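File shown: start_7.cif. Contents: mmCIF, N, CA, C and O atoms.
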```
data_start
#
loop_
_atom_site.label_atom_id
_atom_site.label_comp_id
_atom_site.auth_asym_id
_atom_site.auth_seq_id
_atom_site.Cartn_x
_atom_site.Cartn_y
_atom_site.Cartn_z
N MET A 1 -3.72 -44.80 -14.66
CA MET A 1 -4.63 -43.67 -14.65
C MET A 1 -4.01 -42.47 -13.95
O MET A 1 -4.07 -41.37 -14.45
N TYR A 2 -3.37 -42.69 -12.81
CA TYR A 2 -2.76 -41.59 -12.06
C TYR A 2 -1.71 -40.88 -12.90
O TYR A 2 -1.69 -39.66 -12.96
N LYS A 3 -0.85 -41.65 -13.59
CA LYS A 3 0.20 -41.04 -14.38
C LYS A 3 -0.38 -40.17 -15.49
O LYS A 3 0.12 -39.10 -15.77
N THR A 4 -1.42 -40.64 -16.13
CA THR A 4 -2.05 -39.88 -17.21
C THR A 4 -2.62 -38.57 -16.68
O THR A 4 -2.42 -37.51 -17.28
N ASN A 5 -3.31 -38.62 -15.57
CA ASN A 5 -3.88 -37.40 -14.99
C ASN A 5 -2.78 -36.45 -14.54
O ASN A 5 -2.91 -35.25 -14.69
N ARG A 6 -1.71 -36.98 -13.97
CA ARG A 6 -0.60 -36.15 -13.52
C ARG A 6 0.07 -35.47 -14.71
O ARG A 6 0.39 -34.29 -14.65
N LEU A 7 0.26 -36.22 -15.80
CA LEU A 7 0.85 -35.64 -17.00
C LEU A 7 -0.03 -34.51 -17.52
O LEU A 7 0.46 -33.44 -17.87
N LYS A 8 -1.34 -34.74 -17.57
CA LYS A 8 -2.26 -33.69 -18.03
C LYS A 8 -2.15 -32.45 -17.15
O LYS A 8 -2.13 -31.33 -17.65
N ASP A 9 -2.09 -32.65 -15.84
CA ASP A 9 -1.98 -31.52 -14.91
C ASP A 9 -0.69 -30.73 -15.15
O ASP A 9 -0.70 -29.50 -15.19
N LEU A 10 0.42 -31.45 -15.30
CA LEU A 10 1.71 -30.79 -15.52
C LEU A 10 1.74 -30.05 -16.85
O LEU A 10 2.23 -28.92 -16.94
N CYS A 11 1.21 -30.68 -17.88
CA CYS A 11 1.19 -30.05 -19.20
C CYS A 11 0.27 -28.84 -19.23
O CYS A 11 0.57 -27.84 -19.88
N LYS A 12 -0.84 -28.92 -18.55
CA LYS A 12 -1.76 -27.79 -18.48
C LYS A 12 -1.09 -26.61 -17.76
O LYS A 12 -1.23 -25.46 -18.19
N GLN A 13 -0.32 -26.89 -16.71
CA GLN A 13 0.41 -25.81 -16.02
C GLN A 13 1.47 -25.21 -16.94
O GLN A 13 1.65 -24.00 -16.99
N ALA A 14 2.14 -26.07 -17.71
CA ALA A 14 3.13 -25.57 -18.67
C ALA A 14 2.45 -24.68 -19.70
O ALA A 14 3.00 -23.64 -20.10
N GLN A 15 1.25 -25.05 -20.13
CA GLN A 15 0.50 -24.24 -21.08
C GLN A 15 0.18 -22.87 -20.48
O GLN A 15 0.37 -21.83 -21.13
N LEU A 16 -0.28 -22.85 -19.26
CA LEU A 16 -0.61 -21.58 -18.60
C LEU A 16 0.63 -20.71 -18.45
O LEU A 16 0.57 -19.49 -18.65
N ASN A 17 1.77 -21.32 -18.12
CA ASN A 17 3.01 -20.57 -17.99
C ASN A 17 3.43 -19.99 -19.34
O ASN A 17 3.91 -18.85 -19.41
N ARG A 18 3.25 -20.75 -20.42
CA ARG A 18 3.57 -20.25 -21.77
C ARG A 18 2.67 -19.07 -22.12
O ARG A 18 3.14 -18.03 -22.60
N ILE A 19 1.38 -19.21 -21.85
CA ILE A 19 0.43 -18.13 -22.13
C ILE A 19 0.78 -16.88 -21.34
O ILE A 19 0.79 -15.77 -21.88
N ASN A 20 1.11 -17.05 -20.07
CA ASN A 20 1.48 -15.92 -19.22
C ASN A 20 2.75 -15.23 -19.71
O ASN A 20 2.94 -14.04 -19.47
N ALA A 21 3.60 -15.98 -20.40
CA ALA A 21 4.82 -15.40 -20.97
C ALA A 21 4.54 -14.69 -22.29
O ALA A 21 5.43 -14.06 -22.86
N GLY A 22 3.29 -14.79 -22.78
CA GLY A 22 2.90 -14.10 -24.01
C GLY A 22 3.34 -14.80 -25.28
O GLY A 22 3.46 -14.18 -26.33
N ILE A 23 3.59 -16.10 -25.20
CA ILE A 23 4.06 -16.88 -26.34
C ILE A 23 2.92 -17.73 -26.89
O ILE A 23 2.17 -18.33 -26.12
N THR A 24 2.78 -17.79 -28.20
CA THR A 24 1.73 -18.58 -28.82
C THR A 24 2.19 -19.99 -29.13
O THR A 24 3.40 -20.25 -29.24
N GLN A 25 1.23 -20.89 -29.26
CA GLN A 25 1.55 -22.26 -29.70
C GLN A 25 2.20 -22.23 -31.07
O GLN A 25 3.10 -23.01 -31.35
N LYS A 26 1.75 -21.32 -31.92
CA LYS A 26 2.29 -21.22 -33.27
C LYS A 26 3.78 -20.90 -33.24
O LYS A 26 4.56 -21.48 -34.00
N SER A 27 4.19 -20.00 -32.36
CA SER A 27 5.61 -19.65 -32.30
C SER A 27 6.45 -20.80 -31.73
O SER A 27 7.57 -21.03 -32.17
N VAL A 28 5.90 -21.54 -30.77
CA VAL A 28 6.59 -22.72 -30.24
C VAL A 28 6.72 -23.76 -31.34
O VAL A 28 7.81 -24.33 -31.55
N ALA A 29 5.64 -24.00 -32.07
CA ALA A 29 5.66 -24.98 -33.15
C ALA A 29 6.69 -24.60 -34.21
O ALA A 29 7.45 -25.46 -34.68
N TYR A 30 6.73 -23.34 -34.57
CA TYR A 30 7.68 -22.87 -35.58
C TYR A 30 9.12 -23.09 -35.11
O TYR A 30 9.96 -23.58 -35.85
N GLU A 31 9.39 -22.70 -33.88
CA GLU A 31 10.76 -22.82 -33.35
C GLU A 31 11.22 -24.28 -33.28
O GLU A 31 12.38 -24.58 -33.53
N LEU A 32 10.30 -25.18 -32.95
CA LEU A 32 10.66 -26.59 -32.81
C LEU A 32 10.50 -27.40 -34.10
O LEU A 32 10.97 -28.53 -34.18
N GLY A 33 9.81 -26.84 -35.07
CA GLY A 33 9.58 -27.57 -36.31
C GLY A 33 8.46 -28.60 -36.21
O GLY A 33 8.45 -29.60 -36.92
N TYR A 34 7.52 -28.35 -35.30
CA TYR A 34 6.35 -29.22 -35.12
C TYR A 34 5.10 -28.49 -35.55
O TYR A 34 5.10 -27.27 -35.68
N SER A 35 4.03 -29.23 -35.70
CA SER A 35 2.74 -28.60 -36.00
C SER A 35 2.14 -28.03 -34.72
O SER A 35 2.47 -28.47 -33.61
N VAL A 36 1.25 -27.07 -34.90
CA VAL A 36 0.52 -26.51 -33.76
C VAL A 36 -0.27 -27.62 -33.08
O VAL A 36 -0.41 -27.63 -31.85
N GLU A 37 -0.78 -28.57 -33.86
CA GLU A 37 -1.54 -29.69 -33.30
C GLU A 37 -0.68 -30.52 -32.33
O GLU A 37 -1.18 -30.98 -31.30
N ASN A 38 0.60 -30.70 -32.66
CA ASN A 38 1.49 -31.43 -31.75
C ASN A 38 1.70 -30.67 -30.44
O ASN A 38 1.72 -31.26 -29.36
N ILE A 39 1.87 -29.37 -30.54
CA ILE A 39 2.05 -28.56 -29.33
C ILE A 39 0.78 -28.60 -28.49
O ILE A 39 0.83 -28.78 -27.26
N SER A 40 -0.36 -28.48 -29.13
CA SER A 40 -1.64 -28.55 -28.43
C SER A 40 -1.81 -29.91 -27.74
O SER A 40 -2.24 -29.98 -26.58
N ALA A 41 -1.49 -30.97 -28.46
CA ALA A 41 -1.61 -32.32 -27.88
C ALA A 41 -0.71 -32.46 -26.66
O ALA A 41 -1.11 -33.04 -25.65
N PHE A 42 0.49 -31.91 -26.72
CA PHE A 42 1.40 -31.96 -25.57
C PHE A 42 0.80 -31.21 -24.39
O PHE A 42 0.76 -31.72 -23.27
N GLU A 43 0.30 -30.01 -24.64
CA GLU A 43 -0.24 -29.19 -23.56
C GLU A 43 -1.51 -29.77 -22.95
O GLU A 43 -1.88 -29.41 -21.84
N ASN A 44 -2.16 -30.65 -23.67
CA ASN A 44 -3.37 -31.30 -23.16
C ASN A 44 -3.12 -32.73 -22.68
O ASN A 44 -4.06 -33.46 -22.40
N GLY A 45 -1.83 -33.11 -22.58
CA GLY A 45 -1.47 -34.41 -22.03
C GLY A 45 -1.70 -35.58 -22.96
O GLY A 45 -1.69 -36.73 -22.53
N ARG A 46 -1.88 -35.33 -24.25
CA ARG A 46 -2.11 -36.41 -25.21
C ARG A 46 -0.84 -36.78 -25.96
O ARG A 46 -0.84 -37.69 -26.77
N ASN A 47 0.23 -36.06 -25.73
CA ASN A 47 1.49 -36.28 -26.43
C ASN A 47 2.61 -36.10 -25.41
O ASN A 47 2.70 -35.06 -24.78
N ASN A 48 3.45 -37.09 -25.26
CA ASN A 48 4.54 -36.98 -24.28
C ASN A 48 5.89 -36.87 -24.97
O ASN A 48 6.86 -37.49 -24.58
N ASN A 49 5.96 -36.03 -25.99
CA ASN A 49 7.16 -35.82 -26.78
C ASN A 49 8.27 -35.22 -25.92
O ASN A 49 8.13 -34.14 -25.36
N ALA A 50 9.40 -35.92 -25.85
CA ALA A 50 10.52 -35.49 -24.99
C ALA A 50 11.15 -34.19 -25.47
O ALA A 50 11.61 -33.39 -24.66
N GLU A 51 11.18 -33.97 -26.78
CA GLU A 51 11.78 -32.74 -27.31
C GLU A 51 10.93 -31.52 -26.92
O GLU A 51 11.48 -30.48 -26.55
N ILE A 52 9.62 -31.66 -26.99
CA ILE A 52 8.74 -30.56 -26.57
C ILE A 52 8.89 -30.34 -25.07
O ILE A 52 9.00 -29.20 -24.61
N LEU A 53 8.92 -31.41 -24.31
CA LEU A 53 9.11 -31.31 -22.85
C LEU A 53 10.41 -30.57 -22.54
O LEU A 53 10.43 -29.65 -21.72
N ASN A 54 11.49 -30.95 -23.19
CA ASN A 54 12.78 -30.30 -22.96
C ASN A 54 12.71 -28.81 -23.27
O ASN A 54 13.26 -27.99 -22.54
N TYR A 55 12.02 -28.45 -24.33
CA TYR A 55 11.86 -27.04 -24.70
C TYR A 55 11.15 -26.27 -23.59
O TYR A 55 11.58 -25.19 -23.19
N TYR A 56 10.08 -26.84 -23.07
CA TYR A 56 9.31 -26.18 -22.01
C TYR A 56 10.14 -26.07 -20.73
O TYR A 56 10.09 -25.05 -20.04
N VAL A 57 10.90 -27.09 -20.41
CA VAL A 57 11.77 -27.05 -19.23
C VAL A 57 12.82 -25.96 -19.40
O VAL A 57 13.07 -25.16 -18.49
N THR A 58 13.45 -25.93 -20.58
CA THR A 58 14.49 -24.94 -20.86
C THR A 58 13.97 -23.51 -20.75
O THR A 58 14.66 -22.63 -20.25
N LYS A 59 12.75 -23.29 -21.21
CA LYS A 59 12.14 -21.96 -21.14
C LYS A 59 11.63 -21.61 -19.74
O LYS A 59 11.24 -20.49 -19.49
N GLY A 60 11.61 -22.59 -18.84
CA GLY A 60 11.12 -22.35 -17.49
C GLY A 60 9.62 -22.44 -17.37
O GLY A 60 9.05 -22.04 -16.36
N TRP A 61 8.96 -22.96 -18.40
CA TRP A 61 7.50 -23.04 -18.39
C TRP A 61 7.00 -24.32 -17.73
O TRP A 61 5.80 -24.51 -17.56
N TRP A 62 7.88 -25.22 -17.39
CA TRP A 62 7.46 -26.50 -16.78
C TRP A 62 7.18 -26.32 -15.31
O TRP A 62 6.41 -27.03 -14.71
N ASN A 63 7.80 -25.36 -14.67
CA ASN A 63 7.65 -25.15 -13.23
C ASN A 63 6.34 -24.46 -12.91
O ASN A 63 5.84 -23.66 -13.68
N ASN A 64 5.82 -24.76 -11.76
CA ASN A 64 4.63 -24.06 -11.28
C ASN A 64 5.09 -22.75 -10.67
O ASN A 64 5.71 -22.73 -9.62
N ASN A 65 4.79 -21.66 -11.34
CA ASN A 65 5.26 -20.34 -10.89
C ASN A 65 4.24 -19.61 -10.03
O ASN A 65 4.33 -18.40 -9.89
N ASP A 66 3.27 -20.30 -9.49
CA ASP A 66 2.24 -19.64 -8.66
C ASP A 66 2.82 -19.11 -7.38
O ASP A 66 3.60 -19.68 -6.73
#
```
Here is the file; what I need is its structure written in the form of structure tokens.
Amino acid sequence: MYKTNRLKDLCKQAQLNRINAGITQKSVAYELGYSVENISAFENGRNNNAEILNYYVTKGWWNNND
């Protein structure tokens, strides 16, 4: 249970960082070749796709920039 909640928290922060950068889920999906639904699932902690994670880390959206 803890791991699931932690993943959701981290993914939600990554989502906020992406939004603050002015990037849409659609543009992330297009660049990676995934559906918007996959990107949404990742950002809501329902998908732990390593390729999407790597993309967010590379863009700097994985870090808490508060």
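Between atom C of Gly33 of chain A and atom CA of Asp9 of chain A the interatomic distance comes to 23.9 Å.
Interatomic distance, atom N of Gly45 of chain A to atom N of Lys8 of chain A: 5.3 Å.
What the PyMOL selection byres (((chain A and resi 48 and name CA) around 12) and name CA) grabs from this file is Lys3, Thr4, Arg6, Leu7, Lys8, Leu10, Cys11, Asn38, Ile39, Ser40, Ala41, Phe42, Glu43, Asn44, Gly45, Arg46, Asn47, Asn49, Ala50, Glu51, Ile52, Leu53 and Asn54 of chain A.
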Any chance you could work out the residue set of the PyMOL selection byres ((chain A and resi 15-25) around 7) here, as a VMD selection string?
chain A and resid 9 to 14 26 to 31 34 to 36 39 to 40 43 60 to 63 65
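Here atom CA of Lys59 of chain A is placed at a distance of 19.3 Å from atom N of Glu37 of chain A.
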